[in-house]
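Working notes, structure below.
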Amino acid sequence: MQTRHLGDVTVSAIGLGGMPLSIEGRPDRERALATIHAALDAGVTLIDTADAYHLTATDVGHNESLIAEALSTWGGDTSDVLVATKGGHLRPGDGSWYVDGSPEHLRRALDASLQRLGVEAIGLYQFHRPDPAVPYAESVGVLGEFLDAGKIRLAGISNANPDQIREAQTVLSGRLTSVQNQYSPAFRSSQAELDLCAELGLAFLPWSPLGGISRASALGDTHGAFERIATTHGVSPQQVALAWELAQAPVVIPIPGSSRPATIQDSVRAAELILAPEEIVELDAAAS
C-alpha cells in the first residue's frame with residue numbers, strides 16, 4: 001500500500017469511507033464487519049466516519065460503534081489505524097439532514113464520539129458542515145479547544161470553501177490538518193479547494209470519490225474515458241477514477257465508501273495504478 005500524510009501521521013493512500021455501512025441500504029452487521037476487516041487486511045490505515053452515519057434517531061453513531069467493534073475484533077495490529085470522525089451535521093431519523101455548529105453541540109458530540117469509539121483521543125476530528133446560524137470561527141475554534149485538551153490529535157474541516165479554509169487555518173493558529181470535500185469525475189467544483197490544500201500542505205480527502213453510492217457502479221458508463229483507460233490497463237473504471245484523483249496532488253487521499261469486501265479490495269488497488277501523463281490529461285478533460 002502506498003502512503004500519504006495527514007499532518008504528522010502516515011496513512012494509506014486510499015482510505016475507507018464508512019457511511020454506506022450505516023445509512024439506507026446498509027448491509028447486515030456480519031457483512032459490514034467483513035468489509036472493514038477486508039480494508040484492514042488490504043493495508044487501509046485511514047477510516048472515515050461521522051456521528052451522523054446512522055438510520056434512526058435511536059442509533060446515532062451507528063457507524064462509529066461499528067468501526068470500534070471491527071477494530072477490536074480484527075486479528076491484526078490496529079495501532080497505526082487513524083479513525084477520522086465528524087460532528088456538526090445531524091440526521092433526525094427521517095432521512096433528512098440538518099446542521100448544528102454551536103460550540104455547545106460540538107462539545108457534546110465529541111464526548112459521545114469518544115465514548116462510542118472507545119478512545120481517549122480521536123485521531124482526526126472534523127467539523128462536518130458550516131452552520132449559517134453560527135459564526136464559522138466559533139465552530140472551528142472549538143476544534144482548537146479539543147486540540148489543547150488532548151481530546152483530538154488532528155483537526156479538520158469538511159464541506160468548506162477557500163475562504164473558510166483560510167479562516168480555519170488562522171483560527172487554529174496553523175493547526176488545520178485536512179479538508180474533506182466532495183470530489184469525483186462527476187463533481188469537480190471543489191477543484192479550487194483541492195488546489196488551495198496543495199498550496200498550504202493540507203490533506204484533501206475527497207468524499208464520494210466515485211460519484212456517490214447510487215452512481216459509483218455506473219462510473220464507466222457515464223464517463224467513457226475512464227472506461228476506455230480501465231480496459232487498457234485491465235482494471236475497473238473505479239480504480240482509474242481513484243488513481244486519477246491521487247494524481248491531482250500529493251495531498252489527495254480518497255476515501256471511497258464500500259459495503260462489500262470486494263469493492264474496497266478493488267478500490268485499494270488504485271494506489272498501485274500508474275497513469276501516463278497523457279491519460280491524466282484525457283481524464284481531466286473528460287471529468288470537466
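Labeling convention for the C-alpha cells: chains A, B, ... as they appear, residues from 1 per chain, ligands from 1 in order of appearance.
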
Would you please give, as a VMD selection string, all residues of stretch 67-272 of chain A that DSSP assigns to strand (DSSP E) based on the backbone? chain A and resid 82 to 87 89 to 90 98 to 99 122 to 127 152 to 158 176 to 182 203 to 207

All alpha helix (DSSP H) positions in stretch 65-279 of chain A, as a ChimeraX atom specification: /A:65-73,103-117,136-149,162-171,191-200,219-222,224-233,237-246,261-268,277-279

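In this model, the gap between atom CA of A:Ala243 and atom CA of A:Ser208 comes to 14.3 Å.
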
Taking 4 positions as the minimum chain separation for residues in the same chain, which residues sit within 10 Å of A:His37 when counting only C-alpha atoms? Answer as a ChimeraX atom specification. /A:31-33,41-44,67,70-71,73-76,261

Of the candidates A:Gly123, A:Val268, A:His223, A:Leu147, which one gets nearest to A:Leu246 if we count only C-alpha atoms? A:Val268

Quick one: everything within 7 Å of A:Met1, counting only C-alpha atoms, minus sequence neighbours fewer than 2 positions away in the same chain. Send it as a JSON list (two decimals) with C-alpha atoms, in the first residue's frame.
[["chain", "number", "residue", "atom", "x", "y", "z"],
["A", 3, "THR", "CA", 1.12, 6.03, 1.81],
["A", 12, "SER", "CA", -2.68, 4.59, 3.40],
["A", 43, "GLY", "CA", -3.49, -2.21, 4.27],
["A", 271, "ALA", "CA", -2.89, 3.07, -5.16]]

Find the spatial neighbours of stretch 127-141 of chain A, counting only C-alpha atoms, within a cut-off of 8 Å - ignore same-chain residues fewer than 6 positions away - and output them as a PyMOL selection string. chain A and resi 86-89+99-103+106+156-160+164+167-168+171-172

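Residue nearest A:Ile229, chosen from A:Ile47, A:Leu283, A:Met19, A:Ala68 and counting only C-alpha atoms: A:Leu283.
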
Shortest contact to A:Leu194, candidates A:Ala34, A:Glu272, A:Gln248, A:Thr85, atoms counted only C-alpha atoms, goes to A:Gln248
